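Novice: What follows is coords-v6.csv; its format and atoms are CSV, C-alpha atoms.
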chain,number,residue,atom,x,y,z
N,1,MET,CA,-69.3,-13.4,-135.7
N,2,GLY,CA,-71.4,-12.8,-138.8
N,3,ASP,CA,-72.9,-9.5,-139.8
N,4,LEU,CA,-73.1,-6.8,-137.1
N,5,PRO,CA,-76.6,-5.8,-135.9
N,6,LYS,CA,-77.6,-2.4,-137.3
N,7,ILE,CA,-76.8,0.6,-135.2
N,8,THR,CA,-79.5,3.2,-135.2
N,9,LYS,CA,-79.8,6.6,-133.7
N,10,ARG,CA,-82.8,7.2,-131.4
N,11,GLY,CA,-82.9,10.8,-130.3
N,12,ARG,CA,-79.3,11.8,-129.4
N,13,ALA,CA,-78.0,8.3,-128.6
N,14,TYR,CA,-77.1,5.2,-130.7
N,15,SER,CA,-78.5,1.8,-130.0
N,16,ALA,CA,-78.9,-1.7,-131.6
N,17,LEU,CA,-81.4,-4.5,-131.3
N,18,VAL,CA,-79.5,-7.7,-130.2
N,19,ASP,CA,-80.1,-11.1,-128.6
N,20,ASP,CA,-78.4,-11.6,-125.3
N,21,ALA,CA,-76.6,-14.8,-124.2
N,22,ASN,CA,-79.9,-16.3,-123.2
N,23,GLY,CA,-81.6,-15.5,-126.5
N,24,ARG,CA,-83.6,-12.6,-125.1
N,25,ARG,CA,-84.3,-9.7,-127.6
N,26,THR,CA,-83.1,-6.5,-126.1
N,27,ARG,CA,-82.0,-3.0,-127.1
N,28,LEU,CA,-78.4,-2.2,-126.4
N,29,ASN,CA,-77.7,1.4,-125.5
N,30,LEU,CA,-74.4,2.5,-127.0
N,31,GLY,CA,-74.0,6.2,-126.1
N,32,ARG,CA,-73.8,9.3,-128.3
N,33,ASP,CA,-70.5,8.7,-130.1
N,34,LYS,CA,-70.8,6.5,-133.2
N,35,ARG,CA,-67.3,5.2,-133.1
N,36,VAL,CA,-67.6,4.3,-129.4
N,37,ALA,CA,-71.0,2.7,-130.2
N,38,GLN,CA,-69.4,0.4,-132.8
N,39,ARG,CA,-66.7,-0.7,-130.3
N,40,LEU,CA,-69.2,-1.3,-127.5
N,41,LEU,CA,-71.3,-3.4,-129.9
N,42,ILE,CA,-68.3,-5.5,-130.9
N,43,ARG,CA,-67.4,-6.0,-127.3
N,44,PHE,CA,-70.9,-7.1,-126.4
N,45,LEU,CA,-71.0,-9.6,-129.3
N,46,ASP,CA,-67.6,-11.0,-128.3
N,47,ARG,CA,-68.7,-11.4,-124.7
N,48,ARG,CA,-71.9,-13.0,-125.8
N,49,ALA,CA,-70.1,-15.5,-128.0
N,50,ARG,CA,-67.7,-16.5,-125.2
N,51,ILE,CA,-70.6,-17.0,-122.7
N,52,ARG,CA,-72.5,-19.2,-125.2
N,53,ALA,CA,-69.3,-21.2,-125.9
N,54,GLY,CA,-68.8,-21.8,-122.2
N,55,LEU,CA,-65.6,-19.8,-122.1
N,56,GLU,CA,-67.0,-17.4,-119.5
N,57,ASP,CA,-69.2,-18.0,-116.6
N,58,GLU,CA,-71.4,-15.2,-115.2
N,59,ASP,CA,-69.6,-14.8,-111.9
N,60,SER,CA,-65.9,-15.3,-112.4
N,61,GLN,CA,-65.6,-13.1,-115.5
N,62,GLN,CA,-67.3,-10.0,-114.1
N,63,ALA,CA,-65.1,-7.0,-113.6
N,64,ASP,CA,-64.7,-5.4,-110.2
N,65,ILE,CA,-67.2,-2.7,-109.3
N,66,GLY,CA,-64.5,0.1,-109.0
N,67,PRO,CA,-63.3,0.1,-112.7
N,68,LEU,CA,-66.8,-0.4,-114.0
N,69,THR,CA,-68.0,2.6,-112.0
N,70,GLU,CA,-65.3,4.8,-113.6
N,71,GLU,CA,-66.1,3.5,-117.1
N,72,TYR,CA,-69.8,4.3,-116.5
N,73,LEU,CA,-69.2,7.8,-115.2
N,74,ALA,CA,-66.9,8.5,-118.1
N,75,ALA,CA,-69.4,7.2,-120.6
N,76,LYS,CA,-72.2,9.3,-119.2
N,77,ALA,CA,-70.2,12.6,-118.9
N,78,ARG,CA,-71.3,13.6,-122.4
N,79,GLU,CA,-74.9,12.7,-121.9
N,80,TRP,CA,-75.8,14.2,-118.5
N,81,SER,CA,-76.0,17.8,-117.3
N,82,ALA,CA,-73.2,19.1,-115.2
N,83,SER,CA,-75.3,19.3,-112.1
N,84,HIS,CA,-76.7,15.7,-112.4
N,85,MET,CA,-73.1,14.5,-113.1
N,86,ARG,CA,-71.9,16.1,-109.9
N,87,CYS,CA,-74.7,14.5,-107.9
N,88,VAL,CA,-74.2,11.0,-109.3
N,89,ARG,CA,-70.4,11.2,-109.1
N,90,ALA,CA,-70.6,12.2,-105.4
N,91,ALA,CA,-73.2,9.5,-104.4
N,92,LEU,CA,-72.7,6.4,-106.6
N,93,PRO,CA,-69.1,5.4,-105.6
N,94,ARG,CA,-69.9,6.0,-101.9
N,95,ASP,CA,-73.1,4.0,-102.0
N,96,LEU,CA,-71.5,1.1,-103.9
N,97,ALA,CA,-68.8,1.0,-101.3
N,98,ALA,CA,-71.4,0.9,-98.6
N,99,LEU,CA,-72.8,-2.3,-100.2
N,100,ARG,CA,-69.5,-4.0,-99.4
N,101,CYS,CA,-69.6,-5.9,-102.7
N,102,ARG,CA,-66.4,-6.3,-104.8
N,103,ARG,CA,-68.1,-7.7,-107.9
N,104,VAL,CA,-71.4,-6.7,-109.5
N,105,ALA,CA,-72.8,-10.2,-109.2
N,106,GLN,CA,-72.7,-9.9,-105.4
N,107,ILE,CA,-75.2,-7.0,-105.3
N,108,SER,CA,-78.6,-8.2,-104.2
N,109,GLN,CA,-82.0,-6.6,-103.9
N,110,ALA,CA,-82.0,-7.1,-100.2
N,111,ALA,CA,-78.7,-5.2,-99.9
N,112,LEU,CA,-80.0,-2.3,-102.0
N,113,ILE,CA,-83.2,-2.1,-99.9
N,114,ARG,CA,-81.0,-2.0,-96.7
N,115,LEU,CA,-78.9,0.8,-98.3
N,116,ARG,CA,-82.1,2.7,-99.3
N,117,ASP,CA,-83.5,2.5,-95.8
N,118,SER,CA,-80.3,3.6,-94.2
N,119,ILE,CA,-80.2,6.7,-96.4
N,120,ALA,CA,-83.8,7.4,-95.5
N,121,GLU,CA,-82.9,7.6,-91.8
N,122,THR,CA,-81.0,10.9,-92.4
N,123,ARG,CA,-82.3,12.1,-95.8
N,124,SER,CA,-85.7,12.3,-97.4
N,125,ASN,CA,-87.4,9.3,-99.0
N,126,ARG,CA,-87.1,11.0,-102.4
N,127,THR,CA,-83.3,11.2,-102.0
N,128,ALA,CA,-83.2,7.6,-100.8
N,129,ASN,CA,-85.2,6.5,-103.9
N,130,ALA,CA,-83.0,8.5,-106.2
N,131,ARG,CA,-79.8,7.0,-104.9
N,132,ALA,CA,-81.1,3.5,-105.1
N,133,GLY,CA,-82.1,4.4,-108.7
N,134,PHE,CA,-78.5,5.6,-109.4
N,135,ILE,CA,-77.3,2.0,-108.7
N,136,LEU,CA,-80.1,0.4,-110.7
N,137,THR,CA,-79.3,2.6,-113.7
N,138,PHE,CA,-75.6,1.7,-113.3
N,139,LEU,CA,-76.5,-2.0,-113.3
N,140,ARG,CA,-78.7,-1.7,-116.4
N,141,TRP,CA,-75.8,0.1,-118.2
N,142,CYS,CA,-73.4,-2.7,-117.3
N,143,GLU,CA,-75.9,-5.2,-118.8
N,144,SER,CA,-76.8,-3.2,-121.9
N,145,THR,CA,-73.1,-2.6,-122.8
N,146,GLY,CA,-72.1,-6.3,-122.3
N,147,ARG,CA,-70.1,-5.8,-119.2
N,148,ILE,CA,-72.2,-8.4,-117.4
N,149,PRO,CA,-74.6,-11.0,-118.9
N,150,ARG,CA,-77.5,-9.6,-116.9
N,151,SER,CA,-78.2,-7.3,-114.0
N,152,PRO,CA,-78.4,-9.0,-110.6
N,153,VAL,CA,-81.1,-6.6,-109.5
N,154,THR,CA,-83.9,-5.2,-111.8
N,155,ARG,CA,-86.1,-3.4,-109.3
N,156,VAL,CA,-86.1,-1.9,-105.8
N,157,PRO,CA,-89.5,-0.8,-104.4
N,158,LYS,CA,-89.8,2.9,-103.8
N,159,LEU,CA,-90.5,4.5,-100.5
N,160,PRO,CA,-93.5,6.9,-100.4
N,161,THR,CA,-92.6,10.5,-101.1
N,162,THR,CA,-95.9,12.5,-100.6
N,163,GLY,CA,-97.9,13.9,-97.7
N,164,SER,CA,-96.5,13.0,-94.3
N,165,HIS,CA,-93.5,11.3,-95.8
N,166,GLN,CA,-92.0,14.6,-97.0
N,167,THR,CA,-89.2,15.7,-94.8
N,168,ARG,CA,-89.0,19.2,-96.3
N,169,LYS,CA,-92.1,21.0,-97.3
N,170,ARG,CA,-91.7,24.2,-99.2
N,171,HIS,CA,-93.6,27.4,-98.4
N,172,ALA,CA,-96.1,28.9,-100.9
N,173,PHE,CA,-96.2,32.6,-100.6
N,174,THR,CA,-99.4,34.7,-100.7
N,175,PRO,CA,-99.3,37.5,-103.2
N,176,LEU,CA,-98.7,40.0,-100.4
N,177,ASP,CA,-95.7,38.2,-99.0
N,178,ALA,CA,-94.4,37.6,-102.5
N,179,SER,CA,-94.5,41.3,-103.1
N,180,ARG,CA,-92.5,41.9,-99.8
N,181,LEU,CA,-89.9,39.3,-100.9
N,182,GLN,CA,-89.6,41.0,-104.4
N,183,ALA,CA,-89.1,44.4,-102.7
N,184,GLY,CA,-86.4,43.0,-100.4
N,185,ALA,CA,-84.7,41.3,-103.4
N,186,ASP,CA,-84.9,44.5,-105.5
N,187,GLU,CA,-83.4,46.4,-102.6
N,188,ASP,CA,-80.6,43.9,-102.3
N,189,GLY,CA,-79.7,44.3,-106.0
N,190,SER,CA,-79.7,42.0,-109.1
N,191,VAL,CA,-81.1,39.0,-107.2
N,192,GLY,CA,-84.4,40.8,-107.7
N,193,ASP,CA,-84.3,39.8,-111.4
N,194,VAL,CA,-83.8,36.2,-110.4
N,195,VAL,CA,-86.7,36.2,-108.0
N,196,ALA,CA,-88.9,37.8,-110.7
N,197,VAL,CA,-88.0,35.2,-113.3
N,198,VAL,CA,-88.4,32.2,-111.0
N,199,ILE,CA,-91.7,33.3,-109.4
N,200,GLY,CA,-93.0,34.5,-112.8
N,201,THR,CA,-92.2,31.3,-114.8
N,202,GLY,CA,-91.9,28.5,-112.2
N,203,PHE,CA,-88.5,27.6,-113.6
N,204,ARG,CA,-86.0,25.8,-111.4
N,205,LEU,CA,-83.1,27.9,-110.2
N,206,GLY,CA,-80.6,26.2,-112.5
N,207,GLU,CA,-82.9,26.6,-115.5
N,208,ALA,CA,-83.3,30.3,-114.8
N,209,LEU,CA,-79.6,30.9,-114.4
N,210,ARG,CA,-78.9,29.2,-117.7
N,211,LEU,CA,-81.3,31.5,-119.7
N,212,ARG,CA,-79.8,33.4,-122.5
N,213,TRP,CA,-81.2,36.4,-124.4
N,214,ARG,CA,-82.0,34.1,-127.3
N,215,ASN,CA,-84.4,32.4,-125.0
N,216,PHE,CA,-86.6,35.5,-124.6
N,217,SER,CA,-89.1,36.1,-127.4
N,218,GLY,CA,-90.8,39.1,-125.8
N,219,ARG,CA,-93.8,37.1,-124.7
N,220,ALA,CA,-92.2,33.9,-123.4
N,221,LEU,CA,-89.0,32.4,-121.9
N,222,ARG,CA,-87.7,29.1,-123.2
N,223,VAL,CA,-85.6,26.5,-121.3
N,224,GLU,CA,-83.5,24.6,-123.8
N,225,GLN,CA,-83.0,21.6,-121.6
N,226,SER,CA,-84.9,21.1,-118.4
N,227,LYS,CA,-84.3,18.5,-115.6
N,228,ASN,CA,-86.1,15.8,-117.6
N,229,GLY,CA,-84.1,16.6,-120.7
N,230,ASP,CA,-87.0,18.3,-122.6
N,231,ALA,CA,-87.2,21.9,-123.8
N,232,ARG,CA,-90.0,24.0,-122.2
N,233,GLU,CA,-91.4,27.4,-123.2
N,234,ASN,CA,-93.5,29.3,-120.6
N,235,PRO,CA,-95.4,32.5,-121.4
N,236,VAL,CA,-94.6,35.5,-119.2
N,237,ASP,CA,-97.0,38.2,-118.1
N,238,ASP,CA,-96.8,41.9,-119.1
N,239,ARG,CA,-95.0,42.9,-115.9
N,240,LEU,CA,-92.2,40.4,-116.3
N,241,ALA,CA,-91.9,41.1,-120.0
N,242,ARG,CA,-91.4,44.8,-119.3
N,243,ARG,CA,-88.9,44.1,-116.6
N,244,LEU,CA,-86.8,41.9,-119.0
N,245,VAL,CA,-86.9,44.5,-121.7
N,246,GLU,CA,-85.7,47.1,-119.2
N,247,LEU,CA,-83.1,44.7,-117.9
N,248,ARG,CA,-81.7,44.2,-121.4
N,249,THR,CA,-81.4,48.0,-121.9
N,250,SER,CA,-79.7,48.5,-118.5
N,251,GLN,CA,-77.2,45.6,-119.2
N,252,GLY,CA,-76.3,47.3,-122.5
N,253,LEU,CA,-75.5,50.5,-120.6
N,254,LEU,CA,-73.3,48.6,-118.1
N,255,LEU,CA,-71.6,46.5,-120.7
N,256,ARG,CA,-71.3,49.4,-123.2
N,257,ARG,CA,-72.6,47.2,-125.9
N,258,PRO,CA,-76.0,45.6,-126.7
N,259,PRO,CA,-76.2,42.2,-124.9
N,260,GLY,CA,-75.7,39.3,-127.4
N,261,GLU,CA,-78.0,36.5,-128.1
N,262,ASP,CA,-75.7,34.1,-126.1
N,263,ASP,CA,-75.2,36.5,-123.1
N,264,PRO,CA,-76.9,35.4,-119.9
N,265,ILE,CA,-80.1,37.1,-119.0
N,266,LEU,CA,-79.4,37.1,-115.2
N,267,LEU,CA,-76.1,38.6,-114.0
N,268,SER,CA,-74.9,39.1,-110.5
N,269,ARG,CA,-73.8,42.5,-109.0
N,270,ASN,CA,-70.3,42.0,-110.4
N,271,ARG,CA,-71.7,41.6,-113.9
N,272,ARG,CA,-70.9,37.9,-114.0
N,273,PRO,CA,-73.2,34.9,-114.4
N,274,TRP,CA,-74.8,33.8,-111.1
N,275,SER,CA,-73.5,30.7,-109.3
N,276,GLN,CA,-75.9,28.5,-107.4
N,277,LYS,CA,-74.2,29.3,-104.1
N,278,GLY,CA,-74.3,33.0,-104.7
N,279,ALA,CA,-78.0,32.9,-105.6
N,280,TRP,CA,-78.8,31.0,-102.4
N,281,THR,CA,-76.9,33.5,-100.3
N,282,ALA,CA,-78.6,36.4,-102.0
N,283,LEU,CA,-82.1,34.8,-101.4
N,284,ARG,CA,-81.3,34.6,-97.6
N,285,ARG,CA,-80.3,38.3,-97.6
N,286,ALA,CA,-83.5,39.2,-99.5
N,287,LEU,CA,-85.6,37.3,-96.9
N,288,ARG,CA,-84.0,39.3,-94.1
N,289,ARG,CA,-84.5,42.6,-95.8
N,290,ALA,CA,-88.2,41.7,-96.4
N,291,GLY,CA,-88.7,40.7,-92.8
N,292,LEU,CA,-89.8,37.2,-93.8
N,293,PRO,CA,-88.7,34.0,-92.1
N,294,ALA,CA,-86.9,31.1,-93.8
N,295,ALA,CA,-88.8,28.6,-91.6
N,296,TRP,CA,-92.6,29.2,-91.1
N,297,PRO,CA,-94.7,28.1,-88.1
N,298,ASP,CA,-96.6,25.5,-90.3
N,299,GLY,CA,-93.3,23.7,-90.8
N,300,THR,CA,-92.7,24.9,-94.3
N,301,THR,CA,-89.4,26.4,-95.4
N,302,VAL,CA,-88.3,28.9,-98.0
N,303,ASP,CA,-85.7,28.2,-100.7
N,304,TRP,CA,-85.7,28.8,-104.4
N,305,HIS,CA,-87.9,25.8,-104.9
N,306,ALA,CA,-90.5,27.5,-102.6
N,307,LEU,CA,-90.9,30.1,-105.4
N,308,ARG,CA,-91.6,27.3,-107.8
N,309,ARG,CA,-94.3,25.9,-105.4
N,310,THR,CA,-95.7,29.4,-105.2
N,311,TYR,CA,-96.0,29.6,-108.9
N,312,CYS,CA,-97.8,26.3,-109.1
N,313,THR,CA,-100.2,27.2,-106.3
N,314,TRP,CA,-101.0,30.5,-108.0
N,315,LEU,CA,-101.8,28.6,-111.2
N,316,ALA,CA,-104.4,26.5,-109.2
N,317,ILE,CA,-105.9,29.6,-107.6
N,318,THR,CA,-106.4,31.3,-111.0
N,319,GLY,CA,-108.2,28.2,-112.3
N,320,ALA,CA,-105.5,26.6,-114.5
N,321,SER,CA,-106.2,23.0,-115.4
N,322,LEU,CA,-104.0,20.2,-114.1
N,323,ALA,CA,-102.8,19.6,-117.7
N,324,GLN,CA,-101.8,23.3,-118.0
N,325,ALA,CA,-100.0,23.3,-114.7
N,326,GLN,CA,-98.2,20.1,-115.5
N,327,ARG,CA,-96.9,21.5,-118.8
N,328,LEU,CA,-95.8,24.8,-117.3
N,329,MET,CA,-94.0,23.1,-114.4
N,330,GLY,CA,-92.3,20.7,-116.8
N,331,HIS,CA,-93.4,17.5,-114.9
N,332,ARG,CA,-94.1,14.2,-116.5
N,333,SER,CA,-96.4,13.2,-113.6
N,334,SER,CA,-99.5,15.1,-112.6
N,335,ARG,CA,-99.3,13.6,-109.1
N,336,LEU,CA,-96.2,15.6,-108.5
N,337,VAL,CA,-98.1,18.8,-109.4
N,338,LEU,CA,-100.9,18.1,-106.9
N,339,ASP,CA,-99.1,16.3,-104.1
N,340,VAL,CA,-95.9,18.3,-103.8
N,341,TYR,CA,-96.2,21.7,-105.6
N,342,THR,CA,-99.7,22.8,-104.9
N,343,ASP,CA,-100.7,24.2,-101.5
N,344,LEU,CA,-104.4,23.1,-101.6
N,345,GLY,CA,-105.1,25.2,-98.4
N,346,MET,CA,-104.6,28.3,-100.5
N,347,VAL,CA,-107.0,27.3,-103.3
N,348,PRO,CA,-110.4,29.0,-103.0
N,349,ILE,CA,-113.4,26.7,-102.8
N,350,ARG,CA,-116.3,29.3,-102.3
N,351,SER,CA,-116.5,30.0,-106.0
N,352,ALA,CA,-116.8,26.3,-106.8
N,353,VAL,CA,-119.7,25.9,-104.4
N,354,ASP,CA,-121.4,29.0,-105.9
N,355,GLY,CA,-121.0,27.5,-109.3
N,356,LEU,CA,-122.9,24.4,-108.2
N,357,ALA,CA,-125.8,26.6,-107.0
N,358,ALA,CA,-125.9,28.4,-110.3
N,359,LEU,CA,-125.8,25.0,-112.1
N,360,ARG,CA,-128.8,23.7,-110.1
N,361,ASP,CA,-130.8,26.9,-110.7
N,362,GLY,CA,-130.1,26.8,-114.4
N,363,SER,CA,-131.0,23.1,-114.6
N,364,SER,CA,-134.4,23.8,-112.9
N,365,GLU,CA,-135.2,26.6,-115.3
N,366,ASP,CA,-134.3,24.3,-118.3
N,367,GLN,CA,-136.6,21.6,-117.0
N,368,GLU,CA,-139.5,24.1,-116.6
N,369,GLU,CA,-139.0,25.3,-120.1
N,370,HIS,CA,-139.0,21.7,-121.4
N,371,ARG,CA,-142.2,20.9,-119.6
N,372,GLY,CA,-143.8,24.0,-121.0
Could you express the structure from this file as structure tokens?
Specialist:
Amino acid sequence: MGDLPKITKRGRAYSALVDDANGRRTRLNLGRDKRVAQRLLIRFLDRRARIRAGLEDEDSQQADIGPLTEEYLAAKAREWSASHMRCVRAALPRDLAALRCRRVAQISQAALIRLRDSIAETRSNRTANARAGFILTFLRWCESTGRIPRSPVTRVPKLPTTGSHQTRKRHAFTPLDASRLQAGADEDGSVGDVVAVVIGTGFRLGEALRLRWRNFSGRALRVEQSKNGDARENPVDDRLARRLVELRTSQGLLLRRPPGEDDPILLSRNRRPWSQKGAWTALRRALRRAGLPAAWPDGTTVDWHALRRTYCTWLAITGASLAQAQRLMGHRSSRLVLDVYTDLGMVPIRSAVDGLAALRDGSSEDQEEHRG
């Protein structure tokens, strides 16, 4: 077999540059455990040698989808967040079964498109795209780890996800309605702290609930791992900073000790970390106390993500640039900031027009001075 290709660490995962059975140069992803990475590389090289020698053909030697799926989920358990793992574990086996294919080689692009479209009949286009993406990622993993010579499908066109294609549009609160919601949440209890953090930072609910006191510097809150895997630090205004300082003091009185650096910032009424389900239930109670609807006449709805959309819309109202909003929201695409998370109807335009008039007047004066 000769010398093994060099295994290198890129970020938190190991990989190696190899030639596949057809001589194509590719990077083999080998996971985060070095010993597992060495075994996977040897398995890939052995499979490649057998294919080149004609001892394996691409169809008959492929393993069944079921065992491959379990291997894949087990390999990714240490790489993915718990919430993403639950989502993929719930959807991937069910969607693969819906394809009615026993072997990986039997999966076709047409079958994946039919599956994507059937999901879109009852779910949003974004969900349908994501679940088709789960299968594509699974196929790429099978190829990169040598389970199959090459993926039978490399691409599935995505359904549109913006504008009229959104099935659920979140509401963006006005400052007055947001104050009413905050008052209702504070009246309900500790969920008021969650509302204040989410609407004051734009963090996702899961990111907010995972915050620890070590993540609060006094002027900013830091998410150690966001949805896209990156860390993110958002400044907080004076009001939220004071609230967090007071919260830490009150927690110390309740716990009869100063909160540690690893203690959660946000605790429920029973002094335990919030669960996602508990936070959703508390938000519905806060809406009722505030006299605010969960579904608005314009077709928008209120959930925790609506507070995130409110934050992004307020950034636009205050004149934040698109680059600033994208960074604060933790998005890799500016289109998502504009198309999904900003309520353009709330953004004032009068000041922009007044600015044009001032620009024209100033330009005329400059021209007169130049002539003189």
Novice: Taking all atoms listed in the file into account, name the residue in N:Arg32, N:Arg48, N:Arg103, N:Arg327 that is nearest to N:Ala231.
Specialist: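 The answer is N:Arg327, which sits nearest to N:Ala231.
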Novice: Considering all atoms listed in the file, return as an mmCIF file with C-alpha atoms, in the frame of the given file whatever protein or nucleic-acid residues lie within 8 Å of stretch 67-73 of chain N, sequence-local ones (same chain, fewer than 4 positions apart) excluded.
Specialist:
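Final file, out-v2.cif:
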data_model
loop_
_atom_site.group_PDB
_atom_site.id
_atom_site.type_symbol
_atom_site.label_atom_id
_atom_site.label_comp_id
_atom_site.auth_asym_id
_atom_site.auth_seq_id
_atom_site.Cartn_x
_atom_site.Cartn_y
_atom_site.Cartn_z
ATOM 1 C CA ALA N 63 -65.100 -7.000 -113.600
ATOM 2 C CA ALA N 77 -70.200 12.600 -118.900
ATOM 3 C CA ARG N 89 -70.400 11.200 -109.100
ATOM 4 C CA PRO N 93 -69.100 5.400 -105.600
ATOM 5 C CA PHE N 138 -75.600 1.700 -113.300
ATOM 6 C CA TRP N 141 -75.800 0.100 -118.200
ATOM 7 C CA CYS N 142 -73.400 -2.700 -117.300
#
Novice: For N:Ala49, which of N:Leu287, N:Arg126, N:Asp64, N:Gly146 is the closest residue, counting all atoms listed in the file?
Specialist: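 Answer, going by the shortest atom-to-atom distance: N:Gly146.
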Novice: Using only C-alpha atoms and a cutoff of 8 Å, can you tell me which residues are near (-100.3, 24.6, -108.6) in the file's coordinates, and write them out as a list in words?
Specialist: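 Using only C-alpha atoms, the matching residues come out as Arg309, Thr310, Tyr311, Cys312, Thr313, Trp314, Leu315, Ala316, Ile317, Leu322, Ala325, Val337, Leu338, Tyr341, Thr342 and Asp343 of chain N.
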Novice: Of the candidates N:Ile113, N:Asp177, N:Ile65, N:Trp280, which shows the shortest atom-to-atom distance to N:Arg100, using only C-alpha atoms?
Specialist: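 Closest to N:Arg100 of all the choices is N:Ile65.
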Novice: So which one's closest to N:Leu336, N:Gly66, N:Arg232, N:Thr162, N:Leu115? Using only C-alpha atoms, please.
Specialist: N:Thr162
Novice: Using all atoms listed in the file for the distances, tell me which of N:Pro5, N:Ala75, N:Leu359, N:Lys158 is nearest to N:Arg25.
Specialist: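 Smallest separation from N:Arg25 among the options: N:Pro5.
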Novice: Quick one: everything within 10 Å of N:Gly218, counting all atoms listed in the file, minus sequence neighbours fewer than 5 positions away in the same chain. Send it as a ChimeraX atom specification.
Specialist: /N:235-238,240-242,244-245
Novice: Measuring atom to atom with only C-alpha atoms, identify which of N:Leu181, N:Ala120, N:Leu4, N:Ile349 is nearest to N:Ala306.
Specialist: N:Leu181
Novice: Any idea what the distance is between atom CA of N:Ala357 and atom CA of N:Thr318?
Specialist: 20.4 Å
Novice: Put a box with edges along x, y and z around all the listed atoms of stretch 224-237 of chain N, pad it by 3 Å on each side, then give me its centre and sizes in Å, one decimal, as JSON.
Specialist:
{"center_x": -90.0, "center_y": 27.0, "center_z": -119.7, "size_x": 20.0, "size_y": 28.4, "size_z": 14.2}
Novice: Set the distance at 6 Å and use only C-alpha atoms: which residues neighbour N:Arg170 once local chain neighbours fewer than 4 positions away are removed? I'd like the list as a ChimeraX atom specification.
Specialist: /N:300-302,306
Novice: Name the residues, using the chain letters and numbers of the file, that sit within 12 Å of (-86.7, 29.2, -114.5) when counting only C-alpha atoms, and give them as a VMD selection string.
Specialist: chain N and resid 193 to 212 215 to 216 220 to 227 231 to 236 265 to 266 304 to 305 307 to 308 311 328 to 330
Novice: Please dump the current selection as a PDB file, in the coordinates of the input; keep C-alpha atoms.
Specialist:
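So the final result, stored in part03.pdb, reads:
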ATOM      1  CA  ASP N 193     -84.300  39.800-111.400  1.00  0.00           C
ATOM      2  CA  VAL N 194     -83.800  36.200-110.400  1.00  0.00           C
ATOM      3  CA  VAL N 195     -86.700  36.200-108.000  1.00  0.00           C
ATOM      4  CA  ALA N 196     -88.900  37.800-110.700  1.00  0.00           C
ATOM      5  CA  VAL N 197     -88.000  35.200-113.300  1.00  0.00           C
ATOM      6  CA  VAL N 198     -88.400  32.200-111.000  1.00  0.00           C
ATOM      7  CA  ILE N 199     -91.700  33.300-109.400  1.00  0.00           C
ATOM      8  CA  GLY N 200     -93.000  34.500-112.800  1.00  0.00           C
ATOM      9  CA  THR N 201     -92.200  31.300-114.800  1.00  0.00           C
ATOM     10  CA  GLY N 202     -91.900  28.500-112.200  1.00  0.00           C
ATOM     11  CA  PHE N 203     -88.500  27.600-113.600  1.00  0.00           C
ATOM     12  CA  ARG N 204     -86.000  25.800-111.400  1.00  0.00           C
ATOM     13  CA  LEU N 205     -83.100  27.900-110.200  1.00  0.00           C
ATOM     14  CA  GLY N 206     -80.600  26.200-112.500  1.00  0.00           C
ATOM     15  CA  GLU N 207     -82.900  26.600-115.500  1.00  0.00           C
ATOM     16  CA  ALA N 208     -83.300  30.300-114.800  1.00  0.00           C
ATOM     17  CA  LEU N 209     -79.600  30.900-114.400  1.00  0.00           C
ATOM     18  CA  ARG N 210     -78.900  29.200-117.700  1.00  0.00           C
ATOM     19  CA  LEU N 211     -81.300  31.500-119.700  1.00  0.00           C
ATOM     20  CA  ARG N 212     -79.800  33.400-122.500  1.00  0.00           C
ATOM     21  CA  ASN N 215     -84.400  32.400-125.000  1.00  0.00           C
ATOM     22  CA  PHE N 216     -86.600  35.500-124.600  1.00  0.00           C
ATOM     23  CA  ALA N 220     -92.200  33.900-123.400  1.00  0.00           C
ATOM     24  CA  LEU N 221     -89.000  32.400-121.900  1.00  0.00           C
ATOM     25  CA  ARG N 222     -87.700  29.100-123.200  1.00  0.00           C
ATOM     26  CA  VAL N 223     -85.600  26.500-121.300  1.00  0.00           C
ATOM     27  CA  GLU N 224     -83.500  24.600-123.800  1.00  0.00           C
ATOM     28  CA  GLN N 225     -83.000  21.600-121.600  1.00  0.00           C
ATOM     29  CA  SER N 226     -84.900  21.100-118.400  1.00  0.00           C
ATOM     30  CA  LYS N 227     -84.300  18.500-115.600  1.00  0.00           C
ATOM     31  CA  ALA N 231     -87.200  21.900-123.800  1.00  0.00           C
ATOM     32  CA  ARG N 232     -90.000  24.000-122.200  1.00  0.00           C
ATOM     33  CA  GLU N 233     -91.400  27.400-123.200  1.00  0.00           C
ATOM     34  CA  ASN N 234     -93.500  29.300-120.600  1.00  0.00           C
ATOM     35  CA  PRO N 235     -95.400  32.500-121.400  1.00  0.00           C
ATOM     36  CA  VAL N 236     -94.600  35.500-119.200  1.00  0.00           C
ATOM     37  CA  ILE N 265     -80.100  37.100-119.000  1.00  0.00           C
ATOM     38  CA  LEU N 266     -79.400  37.100-115.200  1.00  0.00           C
ATOM     39  CA  TRP N 304     -85.700  28.800-104.400  1.00  0.00           C
ATOM     40  CA  HIS N 305     -87.900  25.800-104.900  1.00  0.00           C
ATOM     41  CA  LEU N 307     -90.900  30.100-105.400  1.00  0.00           C
ATOM     42  CA  ARG N 308     -91.600  27.300-107.800  1.00  0.00           C
ATOM     43  CA  TYR N 311     -96.000  29.600-108.900  1.00  0.00           C
ATOM     44  CA  LEU N 328     -95.800  24.800-117.300  1.00  0.00           C
ATOM     45  CA  MET N 329     -94.000  23.100-114.400  1.00  0.00           C
ATOM     46  CA  GLY N 330     -92.300  20.700-116.800  1.00  0.00           C
TER      47      GLY N 330
END
Novice: Do you know which residues are at most 12 Å from N:Ala91 counting only C-alpha atoms, after dropping those on the same chain fewer than 2 positions away, and could you put them as a PyMOL selection string?
Specialist: chain N and resi 69+73+84-89+93-98+119+127-128+130-135
